[in-house]
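Raw contents of structure_34.pdb, PDB, C-alpha atoms:
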```pdb
ATOM      1  CA  MET C   1     137.649 152.218  95.130
ATOM      2  CA  THR C   2     135.862 149.107  93.944
ATOM      3  CA  ASP C   3     132.123 148.902  93.456
ATOM      4  CA  THR C   4     131.919 146.450  96.362
ATOM      5  CA  ALA C   5     133.085 149.229  98.685
ATOM      6  CA  LEU C   6     130.038 151.304  97.684
ATOM      7  CA  ARG C   7     127.513 148.637  98.519
ATOM      8  CA  PRO C   8     126.137 148.303 102.063
ATOM      9  CA  PRO C   9     127.596 145.320 103.936
ATOM     10  CA  LEU C  10     125.673 142.104 103.431
ATOM     11  CA  GLU C  11     124.962 141.922 107.154
ATOM     12  CA  SER C  12     123.136 145.289 107.055
ATOM     13  CA  THR C  13     120.749 144.013 104.395
ATOM     14  CA  ARG C  14     120.333 140.760 106.292
ATOM     15  CA  SER C  15     119.586 142.568 109.578
ATOM     16  CA  LEU C  16     116.997 144.822 107.920
ATOM     17  CA  TYR C  17     115.392 141.829 106.201
ATOM     18  CA  VAL C  18     115.129 139.848 109.447
ATOM     19  CA  ALA C  19     113.933 142.930 111.380
ATOM     20  CA  CYS C  20     111.080 143.500 108.908
ATOM     21  CA  TRP C  21     109.901 139.889 109.242
ATOM     22  CA  ALA C  22     110.267 140.017 113.033
ATOM     23  CA  VAL C  23     108.405 143.327 113.478
ATOM     24  CA  GLY C  24     105.654 142.206 111.077
ATOM     25  CA  SER C  25     105.274 138.887 112.909
ATOM     26  CA  VAL C  26     105.203 140.438 116.383
ATOM     27  CA  LEU C  27     102.616 143.034 115.281
ATOM     28  CA  TYR C  28     100.602 140.258 113.633
ATOM     29  CA  GLY C  29     100.355 138.293 116.881
ATOM     30  CA  ALA C  30      99.900 141.359 119.102
ATOM     31  CA  LEU C  31      97.160 142.911 116.969
ATOM     32  CA  ILE C  32      95.264 139.619 116.674
ATOM     33  CA  ALA C  33      95.472 139.224 120.453
ATOM     34  CA  ALA C  34      94.275 142.817 120.851
ATOM     35  CA  GLY C  35      91.210 142.131 118.718
ATOM     36  CA  TYR C  36      92.348 143.691 115.438
ATOM     37  CA  PRO C  37      92.954 140.660 113.190
ATOM     38  CA  LEU C  38      92.710 142.485 109.864
ATOM     39  CA  VAL C  39      95.122 145.203 110.993
ATOM     40  CA  GLY C  40      97.440 142.388 112.145
ATOM     41  CA  VAL C  41      97.301 140.734 108.751
ATOM     42  CA  ALA C  42      98.009 144.100 107.095
ATOM     43  CA  ALA C  43     101.005 144.719 109.380
ATOM     44  CA  PHE C  44     102.366 141.257 108.615
ATOM     45  CA  GLY C  45     101.876 141.837 104.890
ATOM     46  CA  ILE C  46     103.669 145.193 105.024
ATOM     47  CA  GLY C  47     106.567 143.613 106.934
ATOM     48  CA  ALA C  48     106.804 140.744 104.452
ATOM     49  CA  VAL C  49     106.634 142.946 101.349
ATOM     50  CA  THR C  50     109.198 145.367 102.802
ATOM     51  CA  ALA C  51     111.554 142.488 103.651
ATOM     52  CA  VAL C  52     111.302 141.013 100.159
ATOM     53  CA  ALA C  53     111.780 144.471  98.601
ATOM     54  CA  ILE C  54     114.911 145.076 100.687
ATOM     55  CA  GLY C  55     116.289 141.691  99.635
ATOM     56  CA  ARG C  56     115.615 142.301  95.945
ATOM     57  CA  ARG C  57     116.876 145.875  95.982
ATOM     58  CA  SER C  58     120.281 144.744  97.231
ATOM     59  CA  GLY C  59     120.721 142.774  93.989
ATOM     60  CA  ARG C  60     122.479 139.857  95.689
ATOM     61  CA  PRO C  61     121.526 136.998  98.022
ATOM     62  CA  THR C  62     120.369 138.271 101.415
ATOM     63  CA  PHE C  63     121.968 135.361 103.249
ATOM     64  CA  ASP C  64     125.483 134.112 102.610
ATOM     65  CA  GLU C  65     126.634 130.501 102.635
ATOM     66  CA  ARG C  66     127.326 130.430 106.381
ATOM     67  CA  ASP C  67     123.791 131.692 107.083
ATOM     68  CA  ARG C  68     122.460 128.903 104.885
ATOM     69  CA  ALA C  69     124.677 126.350 106.661
ATOM     70  CA  VAL C  70     123.323 127.568 110.020
ATOM     71  CA  LEU C  71     119.723 127.294 108.766
ATOM     72  CA  ASP C  72     120.428 123.822 107.320
ATOM     73  CA  GLU C  73     121.854 122.677 110.644
ATOM     74  CA  ALA C  74     118.876 124.071 112.572
ATOM     75  CA  GLY C  75     116.519 122.357 110.102
ATOM     76  CA  ARG C  76     118.316 119.031 110.486
ATOM     77  CA  HIS C  77     118.099 119.249 114.273
ATOM     78  CA  THR C  78     114.415 120.214 114.118
ATOM     79  CA  VAL C  79     113.537 117.275 111.865
ATOM     80  CA  ALA C  80     115.564 114.905 114.048
ATOM     81  CA  ALA C  81     114.034 116.191 117.308
ATOM     82  CA  VAL C  82     110.446 116.116 116.018
ATOM     83  CA  GLY C  83     111.029 112.729 114.334
ATOM     84  CA  MET C  84     112.578 111.065 117.372
ATOM     85  CA  THR C  85     109.992 112.512 119.752
ATOM     86  CA  SER C  86     107.163 111.379 117.470
ATOM     87  CA  ALA C  87     108.683 107.909 117.126
ATOM     88  CA  VAL C  88     108.483 107.502 120.895
ATOM     89  CA  VAL C  89     105.405 109.508 121.917
ATOM     90  CA  PHE C  90     102.857 108.477 119.286
ATOM     91  CA  PRO C  91     103.386 104.684 119.376
ATOM     92  CA  ALA C  92     103.419 104.866 123.181
ATOM     93  CA  MET C  93     100.135 106.787 123.187
ATOM     94  CA  VAL C  94      98.547 104.375 120.680
ATOM     95  CA  ALA C  95      99.550 101.433 122.882
ATOM     96  CA  ALA C  96      98.337 103.211 126.026
ATOM     97  CA  ARG C  97      94.982 103.954 124.392
ATOM     98  CA  ALA C  98      94.651 100.359 123.122
ATOM     99  CA  LEU C  99      95.215  99.151 126.671
ATOM    100  CA  GLY C 100      92.598 101.583 127.955
ATOM    101  CA  HIS C 101      95.006 103.697 129.992
ATOM    102  CA  VAL C 102      94.424 107.034 128.223
ATOM    103  CA  THR C 103      91.910 108.764 126.012
ATOM    104  CA  TRP C 104      93.190 111.054 123.290
ATOM    105  CA  PRO C 105      92.263 114.699 123.432
ATOM    106  CA  ASP C 106      91.271 116.177 120.047
ATOM    107  CA  TRP C 107      94.406 118.298 119.792
ATOM    108  CA  PHE C 108      96.566 115.176 120.014
ATOM    109  CA  TYR C 109      94.854 113.672 116.983
ATOM    110  CA  TYR C 110      95.419 116.873 114.976
ATOM    111  CA  ALA C 111      99.033 117.110 116.173
ATOM    112  CA  ALA C 112      99.638 113.544 114.943
ATOM    113  CA  LEU C 113      98.127 114.389 111.552
ATOM    114  CA  PHE C 114     100.178 117.579 111.310
ATOM    115  CA  ILE C 115     103.437 115.794 112.081
ATOM    116  CA  ALA C 116     102.612 112.985 109.654
ATOM    117  CA  GLY C 117     101.940 115.638 106.976
ATOM    118  CA  LEU C 118     105.171 117.424 107.862
ATOM    119  CA  PHE C 119     107.183 114.264 107.252
ATOM    120  CA  VAL C 120     105.370 113.585 103.974
ATOM    121  CA  VAL C 121     106.449 117.066 102.806
ATOM    122  CA  TRP C 122     109.985 116.414 104.071
ATOM    123  CA  GLY C 123     110.078 113.081 102.226
ATOM    124  CA  VAL C 124     108.961 114.731  98.988
ATOM    125  CA  PHE C 125     111.746 117.318  99.259
ATOM    126  CA  VAL C 126     114.318 114.622 100.053
ATOM    127  CA  ALA C 127     113.225 112.706  96.936
ATOM    128  CA  LEU C 128     113.365 115.858  94.797
ATOM    129  CA  ALA C 129     116.825 116.725  96.111
ATOM    130  CA  ARG C 130     118.067 113.217  95.297
ATOM    131  CA  VAL C 131     116.674 113.437  91.762
ATOM    132  CA  ARG C 132     118.339 116.826  91.226
ATOM    133  CA  ARG C 133     121.707 115.441  92.335
ATOM    134  CA  ARG C 134     121.670 112.304  90.163
TER     135      ARG C 134
ATOM    136  CA  MET M   1     140.513 122.459 108.251
ATOM    137  CA  GLU M   2     143.364 124.850 109.011
ATOM    138  CA  SER M   3     143.532 128.261 107.426
ATOM    139  CA  ASP M   4     146.098 130.962 106.721
ATOM    140  CA  LEU M   5     143.397 133.396 105.741
ATOM    141  CA  ARG M   6     144.087 135.826 108.573
ATOM    142  CA  GLU M   7     147.786 136.042 107.648
ATOM    143  CA  HIS M   8     146.960 136.709 103.995
ATOM    144  CA  ARG M   9     144.353 139.310 104.909
ATOM    145  CA  GLU M  10     146.556 141.153 107.382
ATOM    146  CA  ARG M  11     149.492 141.104 104.955
ATOM    147  CA  GLU M  12     147.316 143.064 102.516
ATOM    148  CA  GLY M  13     146.096 145.424 105.245
ATOM    149  CA  LEU M  14     142.474 144.421 104.793
ATOM    150  CA  SER M  15     139.850 144.376 107.517
ATOM    151  CA  GLN M  16     137.496 141.436 107.790
ATOM    152  CA  GLY M  17     134.752 143.719 106.480
ATOM    153  CA  ASP M  18     136.839 144.698 103.429
ATOM    154  CA  LEU M  19     137.512 141.077 102.553
ATOM    155  CA  ALA M  20     133.886 140.126 103.195
ATOM    156  CA  ALA M  21     132.688 142.808 100.788
ATOM    157  CA  ALA M  22     135.200 141.695  98.170
ATOM    158  CA  VAL M  23     133.960 138.108  98.142
ATOM    159  CA  ASP M  24     130.291 138.911  98.908
ATOM    160  CA  VAL M  25     129.858 137.302 102.309
ATOM    161  CA  THR M  26     129.318 138.746 105.774
ATOM    162  CA  ARG M  27     132.138 139.842 108.058
ATOM    163  CA  GLN M  28     130.989 137.159 110.490
ATOM    164  CA  THR M  29     131.651 134.499 107.861
ATOM    165  CA  ILE M  30     135.234 135.675 107.349
ATOM    166  CA  ASN M  31     135.707 135.742 111.108
ATOM    167  CA  ALA M  32     134.296 132.200 111.449
ATOM    168  CA  VAL M  33     136.562 130.896 108.671
ATOM    169  CA  GLU M  34     139.631 132.501 110.248
ATOM    170  CA  ARG M  35     138.807 131.009 113.641
ATOM    171  CA  GLY M  36     138.201 127.548 112.186
ATOM    172  CA  ARG M  37     134.544 127.631 113.172
ATOM    173  CA  TYR M  38     133.281 127.339 109.612
ATOM    174  CA  ASP M  39     134.709 125.501 106.601
ATOM    175  CA  PRO M  40     134.065 127.579 103.480
ATOM    176  CA  SER M  41     132.379 126.105 100.442
ATOM    177  CA  LEU M  42     134.555 125.295  97.451
ATOM    178  CA  GLU M  43     133.134 128.378  95.728
ATOM    179  CA  LEU M  44     134.123 130.692  98.575
ATOM    180  CA  ALA M  45     137.549 129.057  98.891
ATOM    181  CA  LEU M  46     138.134 129.636  95.170
ATOM    182  CA  LYS M  47     136.953 133.258  95.448
ATOM    183  CA  LEU M  48     139.315 133.873  98.363
ATOM    184  CA  ALA M  49     142.209 132.248  96.497
ATOM    185  CA  ALA M  50     141.451 134.369  93.433
ATOM    186  CA  HIS M  51     141.323 137.495  95.598
ATOM    187  CA  PHE M  52     144.763 136.793  97.053
ATOM    188  CA  ASP M  53     146.060 135.491  93.718
ATOM    189  CA  CYS M  54     147.172 132.207  95.215
ATOM    190  CA  ALA M  55     146.137 128.551  95.219
ATOM    191  CA  VAL M  56     143.404 127.284  97.518
ATOM    192  CA  GLU M  57     146.038 125.062  99.146
ATOM    193  CA  ASP M  58     147.973 128.192 100.142
ATOM    194  CA  LEU M  59     144.963 129.327 102.187
ATOM    195  CA  PHE M  60     143.501 126.075 103.471
ATOM    196  CA  ARG M  61     144.775 122.636 104.330
ATOM    197  CA  LEU M  62     143.493 119.570 106.125
ATOM    198  CA  GLU M  63     144.220 119.517 109.838
ATOM    199  CA  THR M  64     147.321 117.553 110.675
ATOM    200  CA  PRO M  65     146.413 114.614 112.922
ATOM    201  CA  PRO M  66     147.759 114.884 116.488
TER     202      PRO M  66
END
```
The structure in this file should be written as structure tokens.
Amino acid sequence: MTDTALRPPLESTRSLYVACWAVGSVLYGALIAAGYPLVGVAAFGIGAVTAVAIGRRSGRPTFDERDRAVLDEAGRHTVAAVGMTSAVVFPAMVAARALGHVTWPDWFYYAALFIAGLFVVWGVFVALARVRRR
Amino acid sequence: MESDLREHREREGLSQGDLAAAVDVTRQTINAVERGRYDPSLELALKLAAHFDCAVEDLFRLETPP
């Protein structure tokens, strides 16, 4: 019997890792909503630390290359969807405001700033990735 | 990409889980490669070829155009 046969399947480690993050995140939101923010933060922290410990204890990557390909694809679609939506919605809203048709609620201003910041971060990582692959 | 991975695996009497453990990926990844849903990286293709003691070209080839 090889040593690989003695190790738990990669998908078991992956499922445990994801479950810890999920349970921690759900408790975080639920406990904040229930009026116990500090307990929520503690639950999230415990979930996060447990997940990282499970990943490290396995001694190999928690996600395999197909998992990473799936995450890459989801990330690409997210960036494209947010980018294309922003490219239509924000200029349209700026024009509508300039013409006096709408007034911007505060949240819209902060959403625009957040998305602009998001794409600055994305641009920095694109530049870094290009430099690494030169 | 077309694959003969399933034939090689079954010839050796391995389950998808056995092969997955041998090359350090999930069983779902082996299943996706066999079904043509996922093209393996060069690293995984080389690991699979090494496991079956054959060339990568014996396991994978470009799809023949219709």
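Matched in the shown structure by the PyMOL selection byres ((chain M) within 7 of (chain C)): Ala21, Ala22, Val25, Thr26 and Thr29 of chain M.
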Generate a file of the selected residues that holds C-alpha atoms, formatted as a PDB file, in the coordinates of the input.
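Dumped everything to out-v4.pdb:
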```
ATOM      1  CA  ALA M  21     132.688 142.808 100.788  1.00  0.00           C
ATOM      2  CA  ALA M  22     135.200 141.695  98.170  1.00  0.00           C
ATOM      3  CA  VAL M  25     129.858 137.302 102.309  1.00  0.00           C
ATOM      4  CA  THR M  26     129.318 138.746 105.774  1.00  0.00           C
ATOM      5  CA  THR M  29     131.651 134.499 107.861  1.00  0.00           C
TER       6      THR M  29
END
```
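The closest residue to Leu46 in chain M, picked from M:Val23, M:Asp18, M:Glu12, M:Pro66 and counting all atoms listed in the file, is M:Val23.
The interatomic distance for the pair CA of Trp104 in chain C and CA of Leu118 in chain C works out to 20.5 Å.
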**Selection result for the PyMOL selection byres ((chain C and resi 23) around 12) on this file, as JSON, numbers by chain** = {"C": [15, 16, 17, 18, 19, 20, 21, 22, 24, 25, 26, 27, 28, 29, 30, 31, 40, 43, 44, 45, 46, 47, 48, 50, 51]}
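Shortest separation to Pro91 in chain C among C:Leu71, C:Ala112, C:Ala129, C:Val41 occurs at residue C:Ala112, atoms counted being all atoms listed in the file.
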**Message:** Would you compute the distance between CA of Arg9 in chain M and CA of Thr64 in chain M? Give it in Å to one decimal.
**Reply:** 22.7 Å
